[in-house]
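Novice: Contents of work.pdb (PDB, N, CA, C and O atoms) are below:
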ATOM      1  N   MET G   1      11.471   5.720 -16.524  1.00  0.00           N
ATOM      2  CA  MET G   1      11.702   4.336 -16.874  1.00  0.00           C
ATOM      3  C   MET G   1      10.382   3.577 -16.986  1.00  0.00           C
ATOM      4  O   MET G   1      10.260   2.667 -17.758  1.00  0.00           O
ATOM      5  N   GLU G   2       9.401   3.984 -16.186  1.00  0.00           N
ATOM      6  CA  GLU G   2       8.106   3.310 -16.253  1.00  0.00           C
ATOM      7  C   GLU G   2       7.510   3.434 -17.650  1.00  0.00           C
ATOM      8  O   GLU G   2       6.927   2.492 -18.171  1.00  0.00           O
ATOM      9  N   GLN G   3       7.703   4.585 -18.262  1.00  0.00           N
ATOM     10  CA  GLN G   3       7.160   4.799 -19.596  1.00  0.00           C
ATOM     11  C   GLN G   3       7.800   3.843 -20.600  1.00  0.00           C
ATOM     12  O   GLN G   3       7.119   3.298 -21.464  1.00  0.00           O
ATOM     13  N   ALA G   4       9.094   3.596 -20.466  1.00  0.00           N
ATOM     14  CA  ALA G   4       9.778   2.653 -21.351  1.00  0.00           C
ATOM     15  C   ALA G   4       9.241   1.249 -21.142  1.00  0.00           C
ATOM     16  O   ALA G   4       9.029   0.500 -22.105  1.00  0.00           O
ATOM     17  N   GLY G   5       9.015   0.873 -19.895  1.00  0.00           N
ATOM     18  CA  GLY G   5       8.464  -0.441 -19.596  1.00  0.00           C
ATOM     19  C   GLY G   5       7.063  -0.604 -20.146  1.00  0.00           C
ATOM     20  O   GLY G   5       6.717  -1.646 -20.712  1.00  0.00           O
ATOM     21  N   ARG G   6       6.265   0.431 -19.995  1.00  0.00           N
ATOM     22  CA  ARG G   6       4.892   0.385 -20.500  1.00  0.00           C
ATOM     23  C   ARG G   6       4.876   0.261 -22.017  1.00  0.00           C
ATOM     24  O   ARG G   6       4.143  -0.555 -22.576  1.00  0.00           O
ATOM     25  N   ALA G   7       5.690   1.052 -22.685  1.00  0.00           N
ATOM     26  CA  ALA G   7       5.736   1.013 -24.144  1.00  0.00           C
ATOM     27  C   ALA G   7       6.219  -0.347 -24.644  1.00  0.00           C
ATOM     28  O   ALA G   7       5.648  -0.918 -25.574  1.00  0.00           O
ATOM     29  N   ARG G   8       7.253  -0.880 -24.014  1.00  0.00           N
ATOM     30  CA  ARG G   8       7.793  -2.175 -24.429  1.00  0.00           C
ATOM     31  C   ARG G   8       6.786  -3.291 -24.156  1.00  0.00           C
ATOM     32  O   ARG G   8       6.593  -4.179 -24.989  1.00  0.00           O
ATOM     33  N   ALA G   9       6.126  -3.243 -23.008  1.00  0.00           N
ATOM     34  CA  ALA G   9       5.122  -4.251 -22.676  1.00  0.00           C
ATOM     35  C   ALA G   9       3.972  -4.219 -23.682  1.00  0.00           C
ATOM     36  O   ALA G   9       3.515  -5.260 -24.145  1.00  0.00           O
ATOM     37  N   ARG G  10       3.518  -3.035 -24.030  1.00  0.00           N
ATOM     38  CA  ARG G  10       2.428  -2.900 -25.007  1.00  0.00           C
ATOM     39  C   ARG G  10       2.868  -3.456 -26.363  1.00  0.00           C
ATOM     40  O   ARG G  10       2.118  -4.161 -27.036  1.00  0.00           O
ATOM     41  N   GLN G  11       4.095  -3.162 -26.753  1.00  0.00           N
ATOM     42  CA  GLN G  11       4.625  -3.665 -28.020  1.00  0.00           C
ATOM     43  C   GLN G  11       4.645  -5.199 -28.019  1.00  0.00           C
ATOM     44  O   GLN G  11       4.209  -5.825 -28.981  1.00  0.00           O
ATOM     45  N   LEU G  12       5.142  -5.788 -26.954  1.00  0.00           N
ATOM     46  CA  LEU G  12       5.217  -7.248 -26.863  1.00  0.00           C
ATOM     47  C   LEU G  12       3.827  -7.876 -26.869  1.00  0.00           C
ATOM     48  O   LEU G  12       3.609  -8.917 -27.480  1.00  0.00           O
ATOM     49  N   ARG G  13       2.894  -7.243 -26.191  1.00  0.00           N
ATOM     50  CA  ARG G  13       1.523  -7.775 -26.118  1.00  0.00           C
ATOM     51  C   ARG G  13       0.838  -7.676 -27.481  1.00  0.00           C
ATOM     52  O   ARG G  13       0.200  -8.623 -27.932  1.00  0.00           O
ATOM     53  N   ASP G  14       0.985  -6.527 -28.157  1.00  0.00           N
ATOM     54  CA  ASP G  14       0.298  -6.296 -29.427  1.00  0.00           C
ATOM     55  C   ASP G  14       0.944  -7.044 -30.593  1.00  0.00           C
ATOM     56  O   ASP G  14       0.243  -7.682 -31.377  1.00  0.00           O
ATOM     57  N   GLU G  15       2.249  -6.963 -30.717  1.00  0.00           N
ATOM     58  CA  GLU G  15       2.938  -7.529 -31.878  1.00  0.00           C
ATOM     59  C   GLU G  15       3.228  -9.017 -31.732  1.00  0.00           C
ATOM     60  O   GLU G  15       3.069  -9.774 -32.683  1.00  0.00           O
ATOM     61  N   ASP G  16       3.673  -9.419 -30.563  1.00  0.00           N
ATOM     62  CA  ASP G  16       4.086 -10.808 -30.371  1.00  0.00           C
ATOM     63  C   ASP G  16       3.053 -11.641 -29.618  1.00  0.00           C
ATOM     64  O   ASP G  16       3.248 -12.842 -29.447  1.00  0.00           O
ATOM     65  N   GLU G  17       1.980 -10.996 -29.163  1.00  0.00           N
ATOM     66  CA  GLU G  17       0.905 -11.666 -28.436  1.00  0.00           C
ATOM     67  C   GLU G  17       1.435 -12.498 -27.269  1.00  0.00           C
ATOM     68  O   GLU G  17       1.031 -13.630 -27.042  1.00  0.00           O
ATOM     69  N   MET G  18       2.362 -11.926 -26.530  1.00  0.00           N
ATOM     70  CA  MET G  18       2.959 -12.616 -25.389  1.00  0.00           C
ATOM     71  C   MET G  18       2.032 -12.557 -24.176  1.00  0.00           C
ATOM     72  O   MET G  18       1.245 -11.620 -24.033  1.00  0.00           O
ATOM     73  N   SER G  19       2.184 -13.538 -23.306  1.00  0.00           N
ATOM     74  CA  SER G  19       1.439 -13.548 -22.047  1.00  0.00           C
ATOM     75  C   SER G  19       2.077 -12.527 -21.101  1.00  0.00           C
ATOM     76  O   SER G  19       3.199 -12.060 -21.320  1.00  0.00           O
ATOM     77  N   TYR G  20       1.356 -12.211 -20.031  1.00  0.00           N
ATOM     78  CA  TYR G  20       1.897 -11.268 -19.048  1.00  0.00           C
ATOM     79  C   TYR G  20       3.162 -11.837 -18.406  1.00  0.00           C
ATOM     80  O   TYR G  20       4.106 -11.114 -18.132  1.00  0.00           O
ATOM     81  N   ARG G  21       3.195 -13.120 -18.193  1.00  0.00           N
ATOM     82  CA  ARG G  21       4.375 -13.769 -17.609  1.00  0.00           C
ATOM     83  C   ARG G  21       5.569 -13.650 -18.558  1.00  0.00           C
ATOM     84  O   ARG G  21       6.680 -13.320 -18.138  1.00  0.00           O
ATOM     85  N   GLU G  22       5.337 -13.888 -19.836  1.00  0.00           N
ATOM     86  CA  GLU G  22       6.417 -13.774 -20.823  1.00  0.00           C
ATOM     87  C   GLU G  22       6.920 -12.343 -20.929  1.00  0.00           C
ATOM     88  O   GLU G  22       8.121 -12.101 -21.031  1.00  0.00           O
ATOM     89  N   ILE G  23       5.992 -11.392 -20.888  1.00  0.00           N
ATOM     90  CA  ILE G  23       6.377  -9.978 -20.946  1.00  0.00           C
ATOM     91  C   ILE G  23       7.232  -9.619 -19.745  1.00  0.00           C
ATOM     92  O   ILE G  23       8.259  -8.944 -19.880  1.00  0.00           O
ATOM     93  N   ALA G  24       6.840 -10.078 -18.560  1.00  0.00           N
ATOM     94  CA  ALA G  24       7.621  -9.809 -17.345  1.00  0.00           C
ATOM     95  C   ALA G  24       9.040 -10.344 -17.494  1.00  0.00           C
ATOM     96  O   ALA G  24      10.015  -9.664 -17.137  1.00  0.00           O
ATOM     97  N   LEU G  25       9.190 -11.519 -18.054  1.00  0.00           N
ATOM     98  CA  LEU G  25      10.516 -12.103 -18.256  1.00  0.00           C
ATOM     99  C   LEU G  25      11.351 -11.305 -19.246  1.00  0.00           C
ATOM    100  O   LEU G  25      12.551 -11.097 -19.047  1.00  0.00           O
ATOM    101  N   VAL G  26      10.731 -10.827 -20.311  1.00  0.00           N
ATOM    102  CA  VAL G  26      11.453 -10.019 -21.304  1.00  0.00           C
ATOM    103  C   VAL G  26      11.900  -8.700 -20.692  1.00  0.00           C
ATOM    104  O   VAL G  26      13.049  -8.277 -20.878  1.00  0.00           O
ATOM    105  N   LEU G  27      11.019  -8.041 -19.958  1.00  0.00           N
ATOM    106  CA  LEU G  27      11.381  -6.769 -19.327  1.00  0.00           C
ATOM    107  C   LEU G  27      12.546  -6.968 -18.360  1.00  0.00           C
ATOM    108  O   LEU G  27      13.453  -6.132 -18.294  1.00  0.00           O
ATOM    109  N   GLU G  28      12.523  -8.063 -17.620  1.00  0.00           N
ATOM    110  CA  GLU G  28      13.638  -8.391 -16.726  1.00  0.00           C
ATOM    111  C   GLU G  28      14.923  -8.596 -17.524  1.00  0.00           C
ATOM    112  O   GLU G  28      15.976  -8.064 -17.171  1.00  0.00           O
ATOM    113  N   ALA G  29      14.845  -9.370 -18.591  1.00  0.00           N
ATOM    114  CA  ALA G  29      16.025  -9.675 -19.414  1.00  0.00           C
ATOM    115  C   ALA G  29      16.604  -8.411 -20.049  1.00  0.00           C
ATOM    116  O   ALA G  29      17.824  -8.297 -20.211  1.00  0.00           O
ATOM    117  N   GLU G  30      15.740  -7.470 -20.398  1.00  0.00           N
ATOM    118  CA  GLU G  30      16.177  -6.219 -21.010  1.00  0.00           C
ATOM    119  C   GLU G  30      16.558  -5.175 -19.966  1.00  0.00           C
ATOM    120  O   GLU G  30      16.847  -4.032 -20.303  1.00  0.00           O
ATOM    121  N   GLU G  31      16.531  -5.568 -18.703  1.00  0.00           N
ATOM    122  CA  GLU G  31      16.901  -4.702 -17.579  1.00  0.00           C
ATOM    123  C   GLU G  31      16.078  -3.422 -17.502  1.00  0.00           C
ATOM    124  O   GLU G  31      16.580  -2.355 -17.149  1.00  0.00           O
ATOM    125  N   ILE G  32      14.811  -3.541 -17.844  1.00  0.00           N
ATOM    126  CA  ILE G  32      13.865  -2.443 -17.667  1.00  0.00           C
ATOM    127  C   ILE G  32      13.217  -2.671 -16.313  1.00  0.00           C
ATOM    128  O   ILE G  32      12.573  -3.683 -16.088  1.00  0.00           O
ATOM    129  N   ARG G  33      13.413  -1.762 -15.400  1.00  0.00           N
ATOM    130  CA  ARG G  33      12.956  -1.934 -14.026  1.00  0.00           C
ATOM    131  C   ARG G  33      11.563  -1.328 -13.826  1.00  0.00           C
ATOM    132  O   ARG G  33      11.232  -0.307 -14.423  1.00  0.00           O
ATOM    133  N   PRO G  34      10.764  -1.952 -12.964  1.00  0.00           N
ATOM    134  CA  PRO G  34       9.441  -1.398 -12.663  1.00  0.00           C
ATOM    135  C   PRO G  34       9.553  -0.145 -11.806  1.00  0.00           C
ATOM    136  O   PRO G  34      10.605   0.134 -11.217  1.00  0.00           O
ATOM    137  N   LYS G  35       8.464   0.588 -11.743  1.00  0.00           N
ATOM    138  CA  LYS G  35       8.434   1.815 -10.957  1.00  0.00           C
ATOM    139  C   LYS G  35       8.744   1.534  -9.487  1.00  0.00           C
ATOM    140  O   LYS G  35       9.497   2.253  -8.852  1.00  0.00           O
ATOM    141  N   ARG G  36       8.159   0.465  -8.974  1.00  0.00           N
ATOM    142  CA  ARG G  36       8.404   0.050  -7.593  1.00  0.00           C
ATOM    143  C   ARG G  36       8.867  -1.393  -7.593  1.00  0.00           C
ATOM    144  O   ARG G  36       8.441  -2.186  -8.395  1.00  0.00           O
ATOM    145  N   GLY G  37       9.700  -1.719  -6.670  1.00  0.00           N
ATOM    146  CA  GLY G  37      10.132  -3.100  -6.540  1.00  0.00           C
ATOM    147  C   GLY G  37      11.354  -3.415  -7.392  1.00  0.00           C
ATOM    148  O   GLY G  37      11.865  -2.571  -8.124  1.00  0.00           O
ATOM    149  N   GLU G  38      11.794  -4.627  -7.255  1.00  0.00           N
ATOM    150  CA  GLU G  38      13.013  -5.064  -7.926  1.00  0.00           C
ATOM    151  C   GLU G  38      12.756  -5.791  -9.236  1.00  0.00           C
ATOM    152  O   GLU G  38      13.618  -5.836 -10.098  1.00  0.00           O
ATOM    153  N   ARG G  39      11.565  -6.406  -9.346  1.00  0.00           N
ATOM    154  CA  ARG G  39      11.328  -7.197 -10.535  1.00  0.00           C
ATOM    155  C   ARG G  39       9.881  -7.091 -10.982  1.00  0.00           C
ATOM    156  O   ARG G  39       9.016  -6.657 -10.238  1.00  0.00           O
ATOM    157  N   TRP G  40       9.650  -7.490 -12.227  1.00  0.00           N
ATOM    158  CA  TRP G  40       8.318  -7.478 -12.800  1.00  0.00           C
ATOM    159  C   TRP G  40       7.572  -8.744 -12.411  1.00  0.00           C
ATOM    160  O   TRP G  40       8.130  -9.825 -12.383  1.00  0.00           O
ATOM    161  N   HIS G  41       6.293  -8.593 -12.159  1.00  0.00           N
ATOM    162  CA  HIS G  41       5.416  -9.719 -11.897  1.00  0.00           C
ATOM    163  C   HIS G  41       4.310  -9.684 -12.945  1.00  0.00           C
ATOM    164  O   HIS G  41       3.911  -8.598 -13.391  1.00  0.00           O
ATOM    165  N   PRO G  42       3.808 -10.819 -13.363  1.00  0.00           N
ATOM    166  CA  PRO G  42       2.754 -10.835 -14.378  1.00  0.00           C
ATOM    167  C   PRO G  42       1.559  -9.955 -14.025  1.00  0.00           C
ATOM    168  O   PRO G  42       1.017  -9.256 -14.891  1.00  0.00           O
ATOM    169  N   GLU G  43       1.156  -9.948 -12.770  1.00  0.00           N
ATOM    170  CA  GLU G  43       0.014  -9.125 -12.367  1.00  0.00           C
ATOM    171  C   GLU G  43       0.332  -7.635 -12.495  1.00  0.00           C
ATOM    172  O   GLU G  43      -0.532  -6.834 -12.862  1.00  0.00           O
ATOM    173  N   THR G  44       1.561  -7.244 -12.234  1.00  0.00           N
ATOM    174  CA  THR G  44       1.974  -5.856 -12.397  1.00  0.00           C
ATOM    175  C   THR G  44       1.879  -5.451 -13.866  1.00  0.00           C
ATOM    176  O   THR G  44       1.400  -4.360 -14.190  1.00  0.00           O
ATOM    177  N   VAL G  45       2.318  -6.322 -14.746  1.00  0.00           N
ATOM    178  CA  VAL G  45       2.241  -6.058 -16.190  1.00  0.00           C
ATOM    179  C   VAL G  45       0.781  -5.924 -16.615  1.00  0.00           C
ATOM    180  O   VAL G  45       0.405  -4.991 -17.325  1.00  0.00           O
ATOM    181  N   ARG G  46      -0.065  -6.837 -16.134  1.00  0.00           N
ATOM    182  CA  ARG G  46      -1.481  -6.795 -16.496  1.00  0.00           C
ATOM    183  C   ARG G  46      -2.126  -5.487 -16.052  1.00  0.00           C
ATOM    184  O   ARG G  46      -2.819  -4.825 -16.823  1.00  0.00           O
ATOM    185  N   ARG G  47      -1.867  -5.086 -14.812  1.00  0.00           N
ATOM    186  CA  ARG G  47      -2.445  -3.836 -14.298  1.00  0.00           C
ATOM    187  C   ARG G  47      -1.938  -2.623 -15.061  1.00  0.00           C
ATOM    188  O   ARG G  47      -2.693  -1.698 -15.353  1.00  0.00           O
ATOM    189  N   MET G  48      -0.650  -2.624 -15.362  1.00  0.00           N
ATOM    190  CA  MET G  48      -0.068  -1.497 -16.086  1.00  0.00           C
ATOM    191  C   MET G  48      -0.723  -1.345 -17.464  1.00  0.00           C
ATOM    192  O   MET G  48      -1.076  -0.245 -17.873  1.00  0.00           O
ATOM    193  N   LEU G  49      -0.910  -2.463 -18.164  1.00  0.00           N
ATOM    194  CA  LEU G  49      -1.494  -2.403 -19.497  1.00  0.00           C
ATOM    195  C   LEU G  49      -2.999  -2.137 -19.466  1.00  0.00           C
ATOM    196  O   LEU G  49      -3.550  -1.616 -20.429  1.00  0.00           O
ATOM    197  N   ALA G  50      -3.638  -2.469 -18.367  1.00  0.00           N
ATOM    198  CA  ALA G  50      -5.083  -2.240 -18.234  1.00  0.00           C
ATOM    199  C   ALA G  50      -5.398  -0.814 -17.765  1.00  0.00           C
ATOM    200  O   ALA G  50      -6.544  -0.405 -17.804  1.00  0.00           O
ATOM    201  N   ASN G  51      -4.383  -0.087 -17.331  1.00  0.00           N
ATOM    202  CA  ASN G  51      -4.560   1.257 -16.803  1.00  0.00           C
ATOM    203  C   ASN G  51      -5.302   2.123 -17.832  1.00  0.00           C
ATOM    204  O   ASN G  51      -4.870   2.279 -18.964  1.00  0.00           O
ATOM    205  N   LEU G  52      -6.397   2.712 -17.416  1.00  0.00           N
ATOM    206  CA  LEU G  52      -7.195   3.543 -18.321  1.00  0.00           C
ATOM    207  C   LEU G  52      -6.461   4.788 -18.772  1.00  0.00           C
ATOM    208  O   LEU G  52      -6.814   5.389 -19.769  1.00  0.00           O
ATOM    209  N   GLY G  53      -5.420   5.174 -18.044  1.00  0.00           N
ATOM    210  CA  GLY G  53      -4.648   6.357 -18.407  1.00  0.00           C
ATOM    211  C   GLY G  53      -3.664   6.084 -19.527  1.00  0.00           C
ATOM    212  O   GLY G  53      -3.003   6.985 -20.003  1.00  0.00           O
ATOM    213  N   TYR G  54      -3.588   4.836 -19.981  1.00  0.00           N
ATOM    214  CA  TYR G  54      -2.659   4.480 -21.056  1.00  0.00           C
ATOM    215  C   TYR G  54      -3.073   5.152 -22.348  1.00  0.00           C
ATOM    216  O   TYR G  54      -4.228   5.168 -22.711  1.00  0.00           O
ATOM    217  N   SER G  55      -2.093   5.679 -23.049  1.00  0.00           N
ATOM    218  CA  SER G  55      -2.340   6.313 -24.339  1.00  0.00           C
ATOM    219  C   SER G  55      -1.413   5.707 -25.376  1.00  0.00           C
ATOM    220  O   SER G  55      -0.234   5.511 -25.149  1.00  0.00           O
ATOM    221  N   ALA G  56      -1.948   5.406 -26.536  1.00  0.00           N
ATOM    222  CA  ALA G  56      -1.132   4.837 -27.614  1.00  0.00           C
ATOM    223  C   ALA G  56      -0.025   5.789 -28.021  1.00  0.00           C
ATOM    224  O   ALA G  56       1.002   5.383 -28.542  1.00  0.00           O
ATOM    225  N   ALA G  57      -0.191   7.073 -27.758  1.00  0.00           N
ATOM    226  CA  ALA G  57       0.827   8.059 -28.106  1.00  0.00           C
ATOM    227  C   ALA G  57       2.115   7.824 -27.344  1.00  0.00           C
ATOM    228  O   ALA G  57       3.193   8.218 -27.783  1.00  0.00           O
ATOM    229  N   GLU G  58       2.036   7.154 -26.191  1.00  0.00           N
ATOM    230  CA  GLU G  58       3.229   6.890 -25.395  1.00  0.00           C
ATOM    231  C   GLU G  58       4.154   5.908 -26.090  1.00  0.00           C
ATOM    232  O   GLU G  58       5.337   5.868 -25.828  1.00  0.00           O
ATOM    233  N   VAL G  59       3.619   5.091 -26.968  1.00  0.00           N
ATOM    234  CA  VAL G  59       4.401   4.073 -27.662  1.00  0.00           C
ATOM    235  C   VAL G  59       5.234   4.706 -28.763  1.00  0.00           C
ATOM    236  O   VAL G  59       6.321   4.260 -29.073  1.00  0.00           O
ATOM    237  N   ILE G  60       4.722   5.764 -29.328  1.00  0.00           N
ATOM    238  CA  ILE G  60       5.386   6.392 -30.486  1.00  0.00           C
ATOM    239  C   ILE G  60       6.598   7.174 -30.080  1.00  0.00           C
ATOM    240  O   ILE G  60       6.769   7.735 -29.122  1.00  0.00           O
TER     241      ILE G  60
END
Once more with this new file: its structure as structure tokens, please.
Specialist:
Amino acid sequence: MEQAGRARARQLRDEDEMSYREIALVLEAEEIRPKRGERWHPETVRRMLANLGYSAAEVI
């Protein structure tokens, strides 16, 4: 599920230029759950997207 959240967050950031807070709200609304915890936080989204292990291939 984390991979789905990461891909969706990257899509929202790249295509719609949403803020981390807006992305967190969309992920919540779409019922995409974070790896840990109950809800998305803007800082969690920022860290996930900044992760050096991120690969554009995950989006495809």
Novice: Within 5 Å of segment 16-23 of chain G, counting all atoms listed in the file, which residues qualify if same-chain residues fewer than 5 places away don't, as a PyMOL selection string?
Specialist: chain G and resi 11+28+42
Novice: Take the residues from that selection and write them out as a CSV table (one decimal), in the coordinates of the input, keeping N, CA, C and O atoms.
Specialist:
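Contents of the output file out14.csv:
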chain,number,residue,atom,x,y,z
G,11,GLN,N,4.1,-3.2,-26.8
G,11,GLN,CA,4.6,-3.7,-28.0
G,11,GLN,C,4.6,-5.2,-28.0
G,11,GLN,O,4.2,-5.8,-29.0
G,28,GLU,N,12.5,-8.1,-17.6
G,28,GLU,CA,13.6,-8.4,-16.7
G,28,GLU,C,14.9,-8.6,-17.5
G,28,GLU,O,16.0,-8.1,-17.2
G,42,PRO,N,3.8,-10.8,-13.4
G,42,PRO,CA,2.8,-10.8,-14.4
G,42,PRO,C,1.6,-10.0,-14.0
G,42,PRO,O,1.0,-9.3,-14.9
Novice: Given the file shown, determine the residues that the PyMOL selection byres ((chain G and resi 35) around 8) selects; report them as a CSV table (one decimal) with N, CA, C and O atoms, keeping the file's coordinate frame.
Specialist:
chain,number,residue,atom,x,y,z
G,1,MET,N,11.5,5.7,-16.5
G,1,MET,CA,11.7,4.3,-16.9
G,1,MET,C,10.4,3.6,-17.0
G,1,MET,O,10.3,2.7,-17.8
G,2,GLU,N,9.4,4.0,-16.2
G,2,GLU,CA,8.1,3.3,-16.3
G,2,GLU,C,7.5,3.4,-17.6
G,2,GLU,O,6.9,2.5,-18.2
G,3,GLN,N,7.7,4.6,-18.3
G,3,GLN,CA,7.2,4.8,-19.6
G,3,GLN,C,7.8,3.8,-20.6
G,3,GLN,O,7.1,3.3,-21.5
G,5,GLY,N,9.0,0.9,-19.9
G,5,GLY,CA,8.5,-0.4,-19.6
G,5,GLY,C,7.1,-0.6,-20.1
G,5,GLY,O,6.7,-1.6,-20.7
G,32,ILE,N,14.8,-3.5,-17.8
G,32,ILE,CA,13.9,-2.4,-17.7
G,32,ILE,C,13.2,-2.7,-16.3
G,32,ILE,O,12.6,-3.7,-16.1
G,33,ARG,N,13.4,-1.8,-15.4
G,33,ARG,CA,13.0,-1.9,-14.0
G,33,ARG,C,11.6,-1.3,-13.8
G,33,ARG,O,11.2,-0.3,-14.4
G,34,PRO,N,10.8,-2.0,-13.0
G,34,PRO,CA,9.4,-1.4,-12.7
G,34,PRO,C,9.6,-0.1,-11.8
G,34,PRO,O,10.6,0.1,-11.2
G,36,ARG,N,8.2,0.5,-9.0
G,36,ARG,CA,8.4,0.0,-7.6
G,36,ARG,C,8.9,-1.4,-7.6
G,36,ARG,O,8.4,-2.2,-8.4
G,37,GLY,N,9.7,-1.7,-6.7
G,37,GLY,CA,10.1,-3.1,-6.5
G,37,GLY,C,11.4,-3.4,-7.4
G,37,GLY,O,11.9,-2.6,-8.1
G,38,GLU,N,11.8,-4.6,-7.3
G,38,GLU,CA,13.0,-5.1,-7.9
G,38,GLU,C,12.8,-5.8,-9.2
G,38,GLU,O,13.6,-5.8,-10.1
G,39,ARG,N,11.6,-6.4,-9.3
G,39,ARG,CA,11.3,-7.2,-10.5
G,39,ARG,C,9.9,-7.1,-11.0
G,39,ARG,O,9.0,-6.7,-10.2
Novice: Go ahead and compute the interatomic distance for atom C of Leu49 of chain G and atom CA of Arg10 of chain G, in Å to one decimal.
Specialist: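 Atom CA of Arg10 of chain G lies at a distance of 7.8 Å from atom C of Leu49 of chain G.
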Novice: Hey, can I get the axis-aligned box for segment 31-46 of chain G? All listed atoms, 5 Å padding on each side, centre and edge lengths in Å to one decimal, as AutoDock Vina command-line options.
Specialist:
--center_x 7.0 --center_y -4.3 --center_z -12.6 --size_x 29.7 --size_y 23.1 --size_z 22.2
Novice: Distance atom CA of Ala29 of chain G-atom CA of Glu43 of chain G, one decimal place?
Specialist: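 Interatomic distance, atom CA of Ala29 of chain G to atom CA of Glu43 of chain G: 17.5 Å.
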Novice: Mind listing the alpha helix (DSSP H) residues of chain G, per DSSP on the backbone, as a PyMOL selection string?
Specialist: chain G and resi 2-15+20-29+42-50
